[in-house]
file upload.cif (mmCIF, C-alpha atoms and all ligand atoms)
data_target
#
loop_
_atom_site.label_atom_id
_atom_site.label_comp_id
_atom_site.auth_asym_id
_atom_site.auth_seq_id
_atom_site.Cartn_x
_atom_site.Cartn_y
_atom_site.Cartn_z
CA MET A 1 -2.30 41.71 13.33
CA SER A 2 0.14 44.60 13.26
CA GLN A 3 0.69 46.32 9.90
CA LYS A 4 3.75 48.17 11.14
CA THR A 5 6.78 48.38 8.88
CA HIS A 6 9.17 47.36 11.62
CA ILE A 7 8.22 44.95 14.35
CA ALA A 8 11.10 44.90 16.79
CA ARG A 9 12.26 41.83 18.60
CA THR A 10 11.58 41.99 22.33
CA ASP A 11 13.11 38.89 23.89
CA PRO A 12 14.89 36.30 21.76
CA PHE A 13 12.29 34.68 19.45
CA ARG A 14 9.59 37.05 20.66
CA TRP A 15 8.32 40.14 18.86
CA GLU A 16 6.58 43.39 19.78
CA GLY A 17 2.82 42.96 19.72
CA VAL A 18 2.96 39.35 18.51
CA PRO A 19 1.07 37.17 20.98
CA VAL A 20 2.41 33.76 21.93
CA LEU A 21 -0.57 31.54 21.20
CA ALA A 22 -1.62 28.02 21.94
CA TYR A 23 -0.49 25.78 19.09
CA LYS A 24 -3.97 24.54 18.26
CA GLU A 25 -7.42 25.30 19.56
CA ASP A 26 -8.70 21.89 18.54
CA PRO A 27 -8.57 19.74 21.68
CA GLY A 28 -8.81 16.56 19.58
CA SER A 29 -5.33 16.91 18.16
CA HIS A 30 -2.44 15.42 20.05
CA PHE A 31 0.66 17.50 20.70
CA LYS A 32 2.91 18.55 23.54
CA SER A 33 4.68 21.72 24.69
CA ILE A 34 4.39 23.89 21.60
CA SER A 35 3.52 27.54 20.96
CA ARG A 36 2.58 29.52 17.85
CA GLN A 37 3.26 33.12 16.82
CA VAL A 38 1.87 34.60 13.60
CA LEU A 39 4.62 36.91 12.33
CA PHE A 40 3.08 37.93 9.00
CA ASP A 41 -0.53 37.51 8.02
CA ASP A 42 -0.35 39.03 4.56
CA GLY A 43 -3.08 37.14 2.75
CA LYS A 44 -4.04 40.30 0.85
CA HIS A 45 -0.60 40.70 -0.72
CA PHE A 46 0.92 37.22 -0.68
CA GLY A 47 -1.90 34.81 0.08
CA ALA A 48 0.39 33.50 2.79
CA GLN A 49 1.17 33.50 6.49
CA LEU A 50 4.54 33.17 8.16
CA ARG A 51 4.35 31.57 11.59
CA TYR A 52 6.96 30.80 14.23
CA PHE A 53 6.50 27.61 16.21
CA GLU A 54 8.45 26.61 19.24
CA ILE A 55 8.53 23.11 20.67
CA ALA A 56 9.91 22.75 24.19
CA PRO A 57 12.46 19.97 24.86
CA GLY A 58 10.66 16.65 24.82
CA GLY A 59 7.65 18.12 23.03
CA HIS A 60 6.22 17.36 19.61
CA SER A 61 3.74 18.66 17.04
CA THR A 62 0.60 16.92 15.82
CA LEU A 63 1.01 13.98 13.46
CA GLU A 64 -1.04 15.21 10.52
CA ARG A 65 -1.43 15.67 6.80
CA HIS A 66 -3.38 18.00 4.51
CA ASP A 67 -3.63 19.31 0.95
CA HIS A 68 -1.57 22.42 1.61
CA ALA A 69 2.23 22.45 1.78
CA HIS A 70 4.67 23.85 4.34
CA SER A 71 8.06 25.49 3.83
CA VAL A 72 10.02 25.36 7.07
CA MET A 73 13.27 26.89 8.31
CA VAL A 74 14.69 25.89 11.67
CA ILE A 75 15.95 28.99 13.48
CA ARG A 76 16.47 27.64 16.99
CA GLY A 77 17.69 24.42 18.51
CA ALA A 78 17.67 20.97 17.02
CA GLY A 79 15.12 18.28 16.42
CA ARG A 80 13.85 15.50 14.28
CA ALA A 81 10.95 15.34 11.88
CA LEU A 82 8.93 12.82 10.01
CA VAL A 83 8.04 13.93 6.47
CA GLY A 84 6.31 11.27 4.40
CA SER A 85 8.34 8.16 5.16
CA GLU A 86 11.58 10.03 5.91
CA ILE A 87 12.89 10.79 9.38
CA LEU A 88 15.09 13.87 9.31
CA ASP A 89 17.73 15.13 11.74
CA LEU A 90 17.38 18.88 11.94
CA ARG A 91 19.84 21.58 12.96
CA THR A 92 19.46 25.35 13.15
CA HIS A 93 19.05 26.88 9.67
CA ASP A 94 18.08 23.62 7.98
CA LEU A 95 15.19 23.82 5.53
CA VAL A 96 12.33 21.33 5.34
CA ARG A 97 9.81 20.94 2.56
CA VAL A 98 6.50 19.29 3.50
CA PRO A 99 4.60 18.42 0.30
CA PRO A 100 0.81 18.09 0.10
CA GLN A 101 -0.55 14.98 1.79
CA ALA A 102 2.77 14.02 3.41
CA TRP A 103 2.40 12.86 7.00
CA HIS A 104 4.52 15.11 9.20
CA GLN A 105 5.50 15.54 12.81
CA PHE A 106 8.26 17.62 14.44
CA ARG A 107 10.01 16.89 17.69
CA ALA A 108 12.52 18.84 19.80
CA THR A 109 15.72 17.08 20.80
CA GLY A 110 18.38 18.42 23.13
CA ASP A 111 18.09 21.02 25.88
CA GLU A 112 16.91 23.99 23.85
CA PRO A 113 13.48 24.50 22.26
CA LEU A 114 13.13 23.64 18.57
CA GLY A 115 12.00 26.86 16.87
CA PHE A 116 11.05 27.05 13.23
CA LEU A 117 9.48 29.43 10.73
CA CYS A 118 6.66 27.88 8.74
CA LEU A 119 5.30 29.42 5.56
CA VAL A 120 1.76 28.40 4.66
CA ARG A 121 -0.94 29.70 2.36
CA SER A 122 -3.72 31.69 3.98
CA GLU A 123 -6.59 29.72 2.43
CA ARG A 124 -6.00 26.12 3.32
CA ASP A 125 -7.70 22.89 4.26
CA LYS A 126 -7.80 21.61 7.81
CA PRO A 127 -5.15 19.13 8.94
CA ARG A 128 -6.27 15.52 9.19
CA MET A 129 -5.11 13.20 11.97
CA PRO A 130 -4.33 9.55 11.26
CA THR A 131 -7.04 6.92 11.55
CA PRO A 132 -6.17 3.63 13.30
CA GLU A 133 -5.70 2.17 9.82
CA ASP A 134 -3.29 4.98 8.85
CA LEU A 135 -1.33 4.29 12.04
CA ARG A 136 -1.15 0.58 11.27
CA GLU A 137 0.14 1.40 7.80
CA MET A 138 2.75 3.82 9.16
CA GLY A 139 3.74 1.28 11.78
CA SER A 140 4.60 -1.25 9.07
CA ASP A 141 7.72 0.87 8.54
CA GLY A 142 9.53 0.16 11.81
CA ASN A 143 11.49 3.43 11.87
CA VAL A 144 8.38 5.49 11.30
CA GLY A 145 6.39 3.46 13.81
CA ALA A 146 9.08 4.06 16.45
CA PHE A 147 9.24 7.78 15.73
CA ILE A 148 5.62 8.89 15.76
CA ARG A 149 3.81 10.13 18.87
CA THR A 150 0.05 9.97 19.07
MN MN B 1 0.86 20.72 9.03
#

call {"tool": "encode", "arguments": {"input": "upload.cif", "output": "structure tokens", "more": "lines below"}}
Ligand code: MN
result
Amino acid sequence: MSQKTHIARTDPFRWEGVPVLAYKEDPGSHFKSISRQVLFDDGKHFGAQLRYFEIAPGGHSTLERHDHAHSVMVIRGAGRALVGSEILDLRTHDLVRVPPQAWHQFRATGDEPLGFLCLVRSERDKPRMPTPEDLREMGSDGNVGAFIRT
């Protein structure tokens, strides 16, 4: 991770020396067309990481929950998200708060990728995927059931 003072943008939504990574290494988690870039990894000073995720049109993130929280800012495109039992319509520059243990999933809508910054603490628990029982419970809310991708 670069400790440079200024990390210049190269292409739009790409930065000098910041690799574009696979979203998750865990092959058990279900997702589609999404990349991850770690912009700041300043655990020593802030105990936090700032990541940039990009979901291609038609793609989605893992449906998951965990003890740690996320603070999200959309900086590219548009999309929708499930947070808890709410389904949100997202536009560029919207903010999203994902509290601990809230089920969440992001999806790109439209022709452009959905890109968002996501602030997370460095020391954190692993995301948990829904069990069949969790899915049944989520499905009892018709809107949520229709939204989620697994
Ligand atoms: Mn998460």

call {"tool": "residues_around", "arguments": {"input": "upload.cif", "residues": "region 46-63 of chain A", "least_positions_apart": "3", "cutoff": "6 Å", "atoms": "all atoms listed in the file", "output": "JSON, numbers by chain"}}
result
{"A": [30, 31, 32, 33, 34, 35, 36, 37, 38, 39, 40, 41, 42, 43, 104, 105, 106, 107, 108, 109, 111, 113, 114, 115, 116, 117, 118, 119, 120, 121, 122]}

call {"tool": "residues_near_ligand", "arguments": {"input": "upload.cif", "ligand": "ligand MN 1 (chain B)", "cutoff": "12 Å", "atoms": "all atoms listed in the file", "output": "NGL selection string"}}
result
:A and (23-24 or 29 or 51 or 53 or 61-72 or 81-84 or 97-106 or 118-121 or 124-129)

call {"tool": "atom_distance", "arguments": {"input": "upload.cif", "atom1": "CA of Asp94 (chain A)", "atom2": "CA of Glu137 (chain A)"}}
result
28.6 Å

call {"tool": "axis_aligned_box", "arguments": {"input": "upload.cif", "around": "region 117-125 of chain A", "padding_each_side": "6 Å", "output": "JSON"}}
result
{"center_x": 0.9, "center_y": 27.3, "center_z": 6.5, "size_x": 29.2, "size_y": 20.8, "size_z": 20.4}

call {"tool": "atom_distance", "arguments": {"input": "upload.cif", "atom1": "CA of Gly17 (chain A)", "atom2": "CA of His93 (chain A)"}}
result
25.0 Å

call {"tool": "closest_residue", "arguments": {"input": "upload.cif", "among": "A:Ala22, A:Leu95, A:Ile87, A:Ala8", "to": "Ala146 (chain A)", "atoms": "all atoms listed in the file"}}
result
A:Ile87

call {"tool": "decode", "arguments": {"input": "upload.cif", "residues": "region 29-40 of chain A", "atoms": "all heavy atoms", "output": "tab-separated table (two decimals), in the first residue's frame"}}
result
chain	number	residue	atom	x	y	z
A	29	SER	N	-18.81	-17.05	-1.73
A	29	SER	CA	-19.76	-15.94	-1.68
A	29	SER	C	-20.26	-15.62	-3.09
A	29	SER	O	-19.52	-15.70	-4.06
A	29	SER	CB	-19.12	-14.72	-1.04
A	29	SER	OG	-17.91	-14.41	-1.68
A	30	HIS	N	-21.49	-15.24	-3.17
A	30	HIS	CA	-22.13	-15.05	-4.46
A	30	HIS	C	-22.21	-13.59	-4.83
A	30	HIS	O	-22.76	-12.78	-4.10
A	30	HIS	CB	-23.54	-15.66	-4.42
A	30	HIS	CG	-24.16	-15.76	-5.78
A	30	HIS	ND1	-24.98	-14.79	-6.28
A	30	HIS	CD2	-24.06	-16.70	-6.73
A	30	HIS	CE1	-25.36	-15.15	-7.50
A	30	HIS	NE2	-24.82	-16.30	-7.79
A	31	PHE	N	-21.61	-13.24	-5.97
A	31	PHE	CA	-21.62	-11.85	-6.41
A	31	PHE	C	-21.37	-11.87	-7.91
A	31	PHE	O	-21.06	-12.91	-8.50
A	31	PHE	CB	-20.53	-11.04	-5.71
A	31	PHE	CG	-19.16	-11.62	-5.87
A	31	PHE	CD1	-18.39	-11.31	-6.97
A	31	PHE	CD2	-18.64	-12.50	-4.94
A	31	PHE	CE1	-17.13	-11.85	-7.14
A	31	PHE	CE2	-17.38	-13.06	-5.09
A	31	PHE	CZ	-16.62	-12.74	-6.20
A	32	LYS	N	-21.49	-10.70	-8.53
A	32	LYS	CA	-21.33	-10.64	-9.98
A	32	LYS	C	-20.75	-9.31	-10.40
A	32	LYS	O	-21.24	-8.26	-9.97
A	32	LYS	CB	-22.73	-10.83	-10.62
A	32	LYS	CG	-22.68	-11.13	-12.09
A	32	LYS	CD	-24.08	-11.36	-12.64
A	32	LYS	CE	-24.02	-11.30	-14.14
A	32	LYS	NZ	-25.19	-10.66	-14.73
A	33	SER	N	-19.71	-9.35	-11.23
A	33	SER	CA	-19.20	-8.16	-11.93
A	33	SER	C	-18.86	-7.00	-11.00
A	33	SER	O	-19.42	-5.92	-11.10
A	33	SER	CB	-20.22	-7.68	-12.96
A	33	SER	OG	-20.63	-8.74	-13.78
A	34	ILE	N	-17.92	-7.24	-10.08
A	34	ILE	CA	-17.58	-6.19	-9.12
A	34	ILE	C	-16.09	-6.23	-8.83
A	34	ILE	O	-15.48	-7.31	-8.76
A	34	ILE	CB	-18.47	-6.33	-7.84
A	34	ILE	CG1	-18.03	-5.40	-6.71
A	34	ILE	CG2	-18.57	-7.74	-7.33
A	34	ILE	CD1	-19.10	-5.23	-5.65
A	35	SER	N	-15.50	-5.04	-8.71
A	35	SER	CA	-14.06	-4.93	-8.42
A	35	SER	C	-13.86	-4.10	-7.15
A	35	SER	O	-14.76	-3.40	-6.70
A	35	SER	CB	-13.33	-4.29	-9.58
A	35	SER	OG	-13.73	-2.94	-9.73
A	36	ARG	N	-12.65	-4.20	-6.61
A	36	ARG	CA	-12.32	-3.57	-5.32
A	36	ARG	C	-10.98	-2.88	-5.45
A	36	ARG	O	-10.03	-3.46	-5.98
A	36	ARG	CB	-12.26	-4.67	-4.26
A	36	ARG	CG	-11.72	-4.28	-2.91
A	36	ARG	CD	-11.91	-5.45	-1.92
A	36	ARG	NE	-11.14	-6.62	-2.30
A	36	ARG	CZ	-9.95	-6.95	-1.77
A	36	ARG	NH1	-9.43	-6.22	-0.82
A	36	ARG	NH2	-9.31	-8.02	-2.18
A	37	GLN	N	-10.89	-1.64	-4.96
A	37	GLN	CA	-9.61	-0.94	-4.87
A	37	GLN	C	-9.48	-0.39	-3.45
A	37	GLN	O	-10.40	0.28	-2.97
A	37	GLN	CB	-9.56	0.22	-5.88
A	37	GLN	CG	-9.61	-0.24	-7.33
A	37	GLN	CD	-9.69	0.93	-8.30
A	37	GLN	OE1	-8.69	1.56	-8.61
A	37	GLN	NE2	-10.89	1.23	-8.75
A	38	VAL	N	-8.35	-0.66	-2.80
A	38	VAL	CA	-8.12	-0.13	-1.46
A	38	VAL	C	-7.39	1.19	-1.62
A	38	VAL	O	-6.23	1.23	-2.04
A	38	VAL	CB	-7.31	-1.12	-0.60
A	38	VAL	CG1	-7.06	-0.54	0.79
A	38	VAL	CG2	-8.03	-2.47	-0.50
A	39	LEU	N	-8.06	2.29	-1.31
A	39	LEU	CA	-7.51	3.63	-1.53
A	39	LEU	C	-6.64	4.07	-0.36
A	39	LEU	O	-5.58	4.66	-0.55
A	39	LEU	CB	-8.64	4.63	-1.74
A	39	LEU	CG	-9.64	4.28	-2.85
A	39	LEU	CD1	-10.68	5.39	-2.96
A	39	LEU	CD2	-8.96	4.05	-4.18
A	40	PHE	N	-7.13	3.83	0.85
A	40	PHE	CA	-6.38	4.14	2.06
A	40	PHE	C	-6.45	2.92	2.98
A	40	PHE	O	-7.53	2.35	3.17
A	40	PHE	CB	-6.98	5.35	2.80
A	40	PHE	CG	-6.84	6.64	2.05
A	40	PHE	CD1	-7.91	7.15	1.32
A	40	PHE	CD2	-5.66	7.36	2.08
A	40	PHE	CE1	-7.80	8.36	0.63
A	40	PHE	CE2	-5.54	8.57	1.39
A	40	PHE	CZ	-6.61	9.06	0.67
